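Everything below belongs to data27.pdb, which stores PDB, C-alpha atoms and all ligand atoms.
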ATOM      1  CA  MET A   1      23.721   9.931  16.118
ATOM      2  CA  PRO A   2      24.218   7.319  18.853
ATOM      3  CA  ALA A   3      26.274   4.256  17.931
ATOM      4  CA  ILE A   4      24.483   0.948  17.539
ATOM      5  CA  ASN A   5      26.513  -2.112  18.522
ATOM      6  CA  LEU A   6      25.817  -5.562  17.177
ATOM      7  CA  ASN A   7      27.621  -8.753  16.236
ATOM      8  CA  VAL A   8      27.809  -9.825  12.607
ATOM      9  CA  ASN A   9      29.117 -13.280  11.694
ATOM     10  CA  GLY A  10      31.052 -13.468  14.938
ATOM     11  CA  GLY A  11      32.611  -9.988  14.791
ATOM     12  CA  ALA A  12      31.678  -6.885  16.775
ATOM     13  CA  VAL A  13      30.278  -4.011  14.683
ATOM     14  CA  SER A  14      29.583  -0.467  15.816
ATOM     15  CA  VAL A  15      27.685   1.868  13.486
ATOM     16  CA  SER A  16      26.498   5.442  13.670
ATOM     17  CA  ALA A  17      23.505   5.562  11.361
ATOM     18  CA  ASP A  18      19.855   6.543  11.260
ATOM     19  CA  PRO A  19      18.170   4.027  13.583
ATOM     20  CA  ASP A  20      15.478   3.508  10.930
ATOM     21  CA  THR A  21      18.045   2.251   8.396
ATOM     22  CA  PRO A  22      17.092  -1.267   7.279
ATOM     23  CA  LEU A  23      19.519  -3.937   8.462
ATOM     24  CA  LEU A  24      19.880  -5.065   4.830
ATOM     25  CA  ASP A  25      21.315  -1.634   3.924
ATOM     26  CA  LEU A  26      23.897  -1.878   6.682
ATOM     27  CA  LEU A  27      24.949  -5.360   5.599
ATOM     28  CA  ARG A  28      25.189  -4.671   1.877
ATOM     29  CA  ASN A  29      26.160  -1.011   1.644
ATOM     30  CA  HIS A  30      28.300  -0.466   4.734
ATOM     31  CA  LEU A  31      29.742  -3.867   5.626
ATOM     32  CA  GLY A  32      30.146  -5.214   2.079
ATOM     33  CA  LEU A  33      28.172  -8.362   2.887
ATOM     34  CA  VAL A  34      26.265  -8.614  -0.375
ATOM     35  CA  GLY A  35      25.074 -12.202   0.040
ATOM     36  CA  ALA A  36      21.654 -11.225   1.349
ATOM     37  CA  LYS A  37      19.772  -9.743  -1.604
ATOM     38  CA  PHE A  38      17.314  -6.919  -2.148
ATOM     39  CA  GLY A  39      14.227  -8.250  -3.905
ATOM     40  CA  CYS A  40      10.844  -6.796  -3.085
ATOM     41  CA  GLY A  41      11.849  -4.577  -0.150
ATOM     42  CA  LEU A  42       8.400  -5.326   1.262
ATOM     43  CA  GLU A  43       9.065  -8.404   3.440
ATOM     44  CA  GLN A  44       7.430 -10.604   0.804
ATOM     45  CA  CYS A  45      10.136 -12.611  -0.980
ATOM     46  CA  GLY A  46      12.713 -13.730   1.612
ATOM     47  CA  CYS A  47      15.856 -13.173  -0.463
ATOM     48  CA  CYS A  48      17.089 -10.717   2.208
ATOM     49  CA  MET A  49      16.714 -13.284   5.000
ATOM     50  CA  VAL A  50      19.414 -13.398   7.693
ATOM     51  CA  LEU A  51      19.496 -14.985  11.131
ATOM     52  CA  ILE A  52      19.002 -12.783  14.173
ATOM     53  CA  ASP A  53      19.937 -14.723  17.298
ATOM     54  CA  GLY A  54      19.406 -17.881  15.225
ATOM     55  CA  GLU A  55      15.962 -17.018  13.864
ATOM     56  CA  PRO A  56      15.319 -16.209  10.183
ATOM     57  CA  VAL A  57      14.290 -12.577   9.686
ATOM     58  CA  LYS A  58      13.683 -10.499   6.550
ATOM     59  CA  SER A  59      16.381  -7.869   6.907
ATOM     60  CA  CYS A  60      14.789  -5.414   4.445
ATOM     61  CA  GLY A  61      12.104  -4.683   7.019
ATOM     62  CA  ARG A  62      14.183  -4.743  10.178
ATOM     63  CA  ALA A  63      15.360  -1.339  11.447
ATOM     64  CA  LEU A  64      18.839  -1.020  12.928
ATOM     65  CA  SER A  65      17.349   0.245  16.180
ATOM     66  CA  THR A  66      15.812  -3.203  16.763
ATOM     67  CA  VAL A  67      19.024  -5.198  16.329
ATOM     68  CA  ALA A  68      21.294  -3.528  18.882
ATOM     69  CA  GLY A  69      23.122  -6.205  20.858
ATOM     70  CA  LYS A  70      21.906  -9.008  18.571
ATOM     71  CA  ASN A  71      23.894 -11.716  16.786
ATOM     72  CA  ILE A  72      23.418 -11.539  13.032
ATOM     73  CA  THR A  73      24.383 -14.396  10.730
ATOM     74  CA  THR A  74      24.428 -13.929   6.970
ATOM     75  CA  ILE A  75      25.228 -16.427   4.251
ATOM     76  CA  GLU A  76      28.867 -15.266   4.477
ATOM     77  CA  GLY A  77      28.918 -16.597   8.045
ATOM     78  CA  LEU A  78      27.938 -20.150   7.118
ATOM     79  CA  GLY A  79      31.087 -21.478   5.491
ATOM     80  CA  THR A  80      33.934 -20.717   3.137
ATOM     81  CA  PRO A  81      34.770 -21.996  -0.355
ATOM     82  CA  GLU A  82      37.428 -24.170   1.296
ATOM     83  CA  ARG A  83      35.179 -25.365   4.112
ATOM     84  CA  PRO A  84      31.557 -25.049   2.971
ATOM     85  CA  HIS A  85      28.721 -25.630   5.407
ATOM     86  CA  PRO A  86      26.983 -28.986   4.677
ATOM     87  CA  LEU A  87      24.011 -27.020   3.342
ATOM     88  CA  GLN A  88      26.235 -25.190   0.856
ATOM     89  CA  GLN A  89      27.855 -28.458  -0.199
ATOM     90  CA  ALA A  90      24.486 -30.187  -0.553
ATOM     91  CA  PHE A  91      23.089 -27.347  -2.693
ATOM     92  CA  LEU A  92      26.118 -27.678  -4.972
ATOM     93  CA  ASP A  93      25.791 -31.466  -5.088
ATOM     94  CA  GLU A  94      22.096 -31.244  -5.986
ATOM     95  CA  GLN A  95      22.631 -28.263  -8.334
ATOM     96  CA  ALA A  96      19.721 -26.807  -6.393
ATOM     97  CA  GLY A  97      19.808 -23.270  -7.776
ATOM     98  CA  GLN A  98      19.413 -21.713 -11.188
ATOM     99  CA  CYS A  99      20.003 -17.963 -10.945
ATOM    100  CA  GLY A 100      20.864 -18.302  -7.241
ATOM    101  CA  TYR A 101      19.202 -15.038  -6.208
ATOM    102  CA  CYS A 102      16.994 -16.723  -3.597
ATOM    103  CA  LEU A 103      19.660 -19.024  -2.204
ATOM    104  CA  PRO A 104      21.309 -16.841   0.478
ATOM    105  CA  GLY A 105      17.931 -16.447   2.152
ATOM    106  CA  ILE A 106      17.005 -20.083   1.686
ATOM    107  CA  LEU A 107      20.313 -21.363   3.053
ATOM    108  CA  VAL A 108      20.177 -19.373   6.290
ATOM    109  CA  THR A 109      16.508 -20.300   6.768
ATOM    110  CA  ALA A 110      17.371 -23.962   6.243
ATOM    111  CA  LYS A 111      20.243 -23.647   8.715
ATOM    112  CA  ALA A 112      17.852 -22.375  11.392
ATOM    113  CA  LEU A 113      15.580 -25.346  10.664
ATOM    114  CA  LEU A 114      18.342 -27.964  10.875
ATOM    115  CA  ASP A 115      19.752 -26.395  14.043
ATOM    116  CA  ARG A 116      16.446 -26.966  15.824
ATOM    117  CA  ASN A 117      15.321 -30.115  13.961
ATOM    118  CA  PRO A 118      18.070 -32.394  12.575
ATOM    119  CA  THR A 119      15.550 -34.820  11.060
ATOM    120  CA  PRO A 120      12.894 -32.722   9.332
ATOM    121  CA  SER A 121      10.326 -34.342   7.069
ATOM    122  CA  ARG A 122       9.940 -32.983   3.547
ATOM    123  CA  ARG A 123       6.754 -31.262   4.677
ATOM    124  CA  GLU A 124       8.561 -29.626   7.611
ATOM    125  CA  ILE A 125      11.277 -28.368   5.247
ATOM    126  CA  ALA A 126       8.663 -26.961   2.863
ATOM    127  CA  LEU A 127       6.860 -25.243   5.732
ATOM    128  CA  ALA A 128      10.101 -23.739   7.063
ATOM    129  CA  LEU A 129      10.873 -22.339   3.593
ATOM    130  CA  ASP A 130       7.351 -21.072   3.006
ATOM    131  CA  ASP A 131       8.463 -17.415   3.227
ATOM    132  CA  ASN A 132      11.298 -17.874   0.702
ATOM    133  CA  ILE A 133      10.239 -17.427  -2.895
ATOM    134  CA  CYS A 134      12.248 -19.035  -5.706
ATOM    135  CA  ARG A 135      11.306 -17.429  -8.991
ATOM    136  CA  CYS A 136      13.193 -20.075 -10.963
ATOM    137  CA  GLY A 137      10.992 -22.879  -9.656
ATOM    138  CA  SER A 138      13.864 -24.902  -8.194
ATOM    139  CA  HIS A 139      11.748 -26.008  -5.255
ATOM    140  CA  VAL A 140      12.083 -29.770  -5.678
ATOM    141  CA  ARG A 141      15.865 -29.638  -5.929
ATOM    142  CA  ILE A 142      16.000 -27.233  -2.977
ATOM    143  CA  LEU A 143      13.982 -29.657  -0.846
ATOM    144  CA  ARG A 144      16.274 -32.506  -1.895
ATOM    145  CA  ALA A 145      19.348 -30.445  -1.029
ATOM    146  CA  VAL A 146      18.094 -29.667   2.475
ATOM    147  CA  GLU A 147      17.374 -33.378   3.007
ATOM    148  CA  ARG A 148      20.885 -34.207   1.791
ATOM    149  CA  ALA A 149      22.434 -31.604   4.113
ATOM    150  CA  ALA A 150      20.466 -32.970   7.072
ATOM    151  CA  ALA A 151      21.804 -36.453   6.335
ATOM    152  CA  MET A 152      25.363 -35.099   5.982
ATOM    153  CA  MET A 153      25.103 -33.267   9.291
ATOM    154  CA  ARG A 154      23.700 -36.328  11.057
ATOM    155  CA  SER A 155      26.462 -38.563   9.733
ATOM    156  CA  GLY A 156      29.060 -35.905  10.676
ATOM    157  CA  HIS A 157      27.738 -35.848  14.211
ATOM    158  CA  ALA A 158      27.717 -39.650  14.330
ATOM    159  CA  LYS A 159      31.375 -39.730  13.256
ATOM    160  CA  GLU A 160      32.323 -37.140  15.877
ATOM    161  CA  ALA A 161      30.454 -39.066  18.596
ATOM    162  CA  GLY A 162      32.265 -42.281  17.593
ATOM    163  CA  ARG A 163      35.717 -40.746  17.959
TER
HETATM  164  S1  LIG A 201      13.723  -8.015  -0.131
HETATM  165 FE1  LIG A 201      13.190  -8.484   1.898
HETATM  166  S2  LIG A 201      11.535  -9.849   1.724
HETATM  167 FE2  LIG A 201      11.938  -9.260  -0.330
HETATM  168  S1  LIG A 202      17.318 -20.102  -8.136
HETATM  169 FE1  LIG A 202      16.590 -18.306  -9.128
HETATM  170  S2  LIG A 202      15.200 -17.448  -7.705
HETATM  171 FE2  LIG A 202      15.724 -19.347  -6.846
END

What would you get if you wrote out this structure as structure tokens?
Amino acid sequence: MPAINLNVNGGAVSVSADPDTPLLDLLRNHLGLVGAKFGCGLEQCGCCMVLIDGEPVKSCGRALSTVAGKNITTIEGLGTPERPHPLQQAFLDEQAGQCGYCLPGILVTAKALLDRNPTPSRREIALALDDNICRCGSHVRILRAVERAAAMMRSGHAKEAGR
């Protein structure tokens, strides 16, 4: 089987696997990155969402053959417990999750939104997260957390610019 080379959370990865293997399988079962979750397996729920070259993609439906040479970012690539990404900190501050199963997908989707639009309206946030289902009904707190993260990121940038 030919090797497929890609970049995951900033590190080079080379795998020899069936090219039809879903990206989610590679992440969870071969690389030990279990943040992205298996939910429906049918590209319906969004809990398997990762970023491919900065765009949110449902990894359960994305074959390895289509991600050769791409940059993949999973929730593990956002921050660390010591240095959480502002989105992770904001979700903690707002207690935005209940079971948390949807959050890895929601956080990377929200990151893609804030990277391209630092000042999204609540409606724009809701539209960006339209493909991410939260079964616990935490939507209002999730929206608030994304707004809080956007404000944190803007004030962080303002501080850096003022240095
Ligand atoms: S597990 Fe991929 S969209 Fe539901
Ligand atoms: S917090 Fe449980 S599915 Fe969203």

Task: Close residues, region 10-16 of chain A itself excluded, 9 Å, all atoms listed in the file, min 6 positions apart in chain, as JSON, numbers by chain - done: {"A": [1, 2, 3, 4, 26, 71, 72, 73, 77]}

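Among A:Cys136, A:Ile106, A:Ala96, A:Leu143, the residue with the shortest atom-to-atom distance to ligand LIG 202 (chain A), counting all atoms listed in the file, is A:Cys136.
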
TODO: Spell out the residues picked by the PyMOL selection byres (((not hetatm)) within 12 of (chain A and resi 202)) here, as a VMD selection string.
DONE: chain A and resid 37 39 45 to 47 91 95 to 107 129 132 to 142

Need the axis-aligned box for ligand LIG 201 (chain A) with 3 Å each side, so what are the centre and edges in Å to one decimal, as JSON?
{"center_x": 12.6, "center_y": -8.9, "center_z": 0.8, "size_x": 8.2, "size_y": 7.8, "size_z": 8.2}

Got a sec: who's within 10 Å of Val57 (chain A), counting only C-alpha atoms, leaving out chain neighbours fewer than 3 positions off, as a PDB file with C-alpha atoms, in the frame of the given file?
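What ended up in out-v4.pdb:
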ATOM      1  CA  GLU A  43       9.065  -8.404   3.440  1.00  0.00           C
ATOM      2  CA  GLY A  46      12.713 -13.730   1.612  1.00  0.00           C
ATOM      3  CA  CYS A  48      17.089 -10.717   2.208  1.00  0.00           C
ATOM      4  CA  MET A  49      16.714 -13.284   5.000  1.00  0.00           C
ATOM      5  CA  VAL A  50      19.414 -13.398   7.693  1.00  0.00           C
ATOM      6  CA  LEU A  51      19.496 -14.985  11.131  1.00  0.00           C
ATOM      7  CA  ILE A  52      19.002 -12.783  14.173  1.00  0.00           C
ATOM      8  CA  ASP A  53      19.937 -14.723  17.298  1.00  0.00           C
ATOM      9  CA  GLY A  54      19.406 -17.881  15.225  1.00  0.00           C
ATOM     10  CA  CYS A  60      14.789  -5.414   4.445  1.00  0.00           C
ATOM     11  CA  GLY A  61      12.104  -4.683   7.019  1.00  0.00           C
ATOM     12  CA  ARG A  62      14.183  -4.743  10.178  1.00  0.00           C
ATOM     13  CA  ILE A  72      23.418 -11.539  13.032  1.00  0.00           C
ATOM     14  CA  GLY A 105      17.931 -16.447   2.152  1.00  0.00           C
ATOM     15  CA  VAL A 108      20.177 -19.373   6.290  1.00  0.00           C
ATOM     16  CA  THR A 109      16.508 -20.300   6.768  1.00  0.00           C
ATOM     17  CA  ASP A 131       8.463 -17.415   3.227  1.00  0.00           C
TER      18      ASP A 131
END

Task: Residues within 12 Å of Ala150 (chain A), only C-alpha atoms, excluding chain neighbours under 6 positions, as a PyMOL selection string - done: chain A and resi 85-91+110-122+125+143-144+156-157

Task: Pairwise distance for CA of Val34 (chain A) and CA of Met153 (chain A), rounded to one decimal in Å - done: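 Result for CA of Val34 (chain A) versus CA of Met153 (chain A): 26.5 Å, one decimal.
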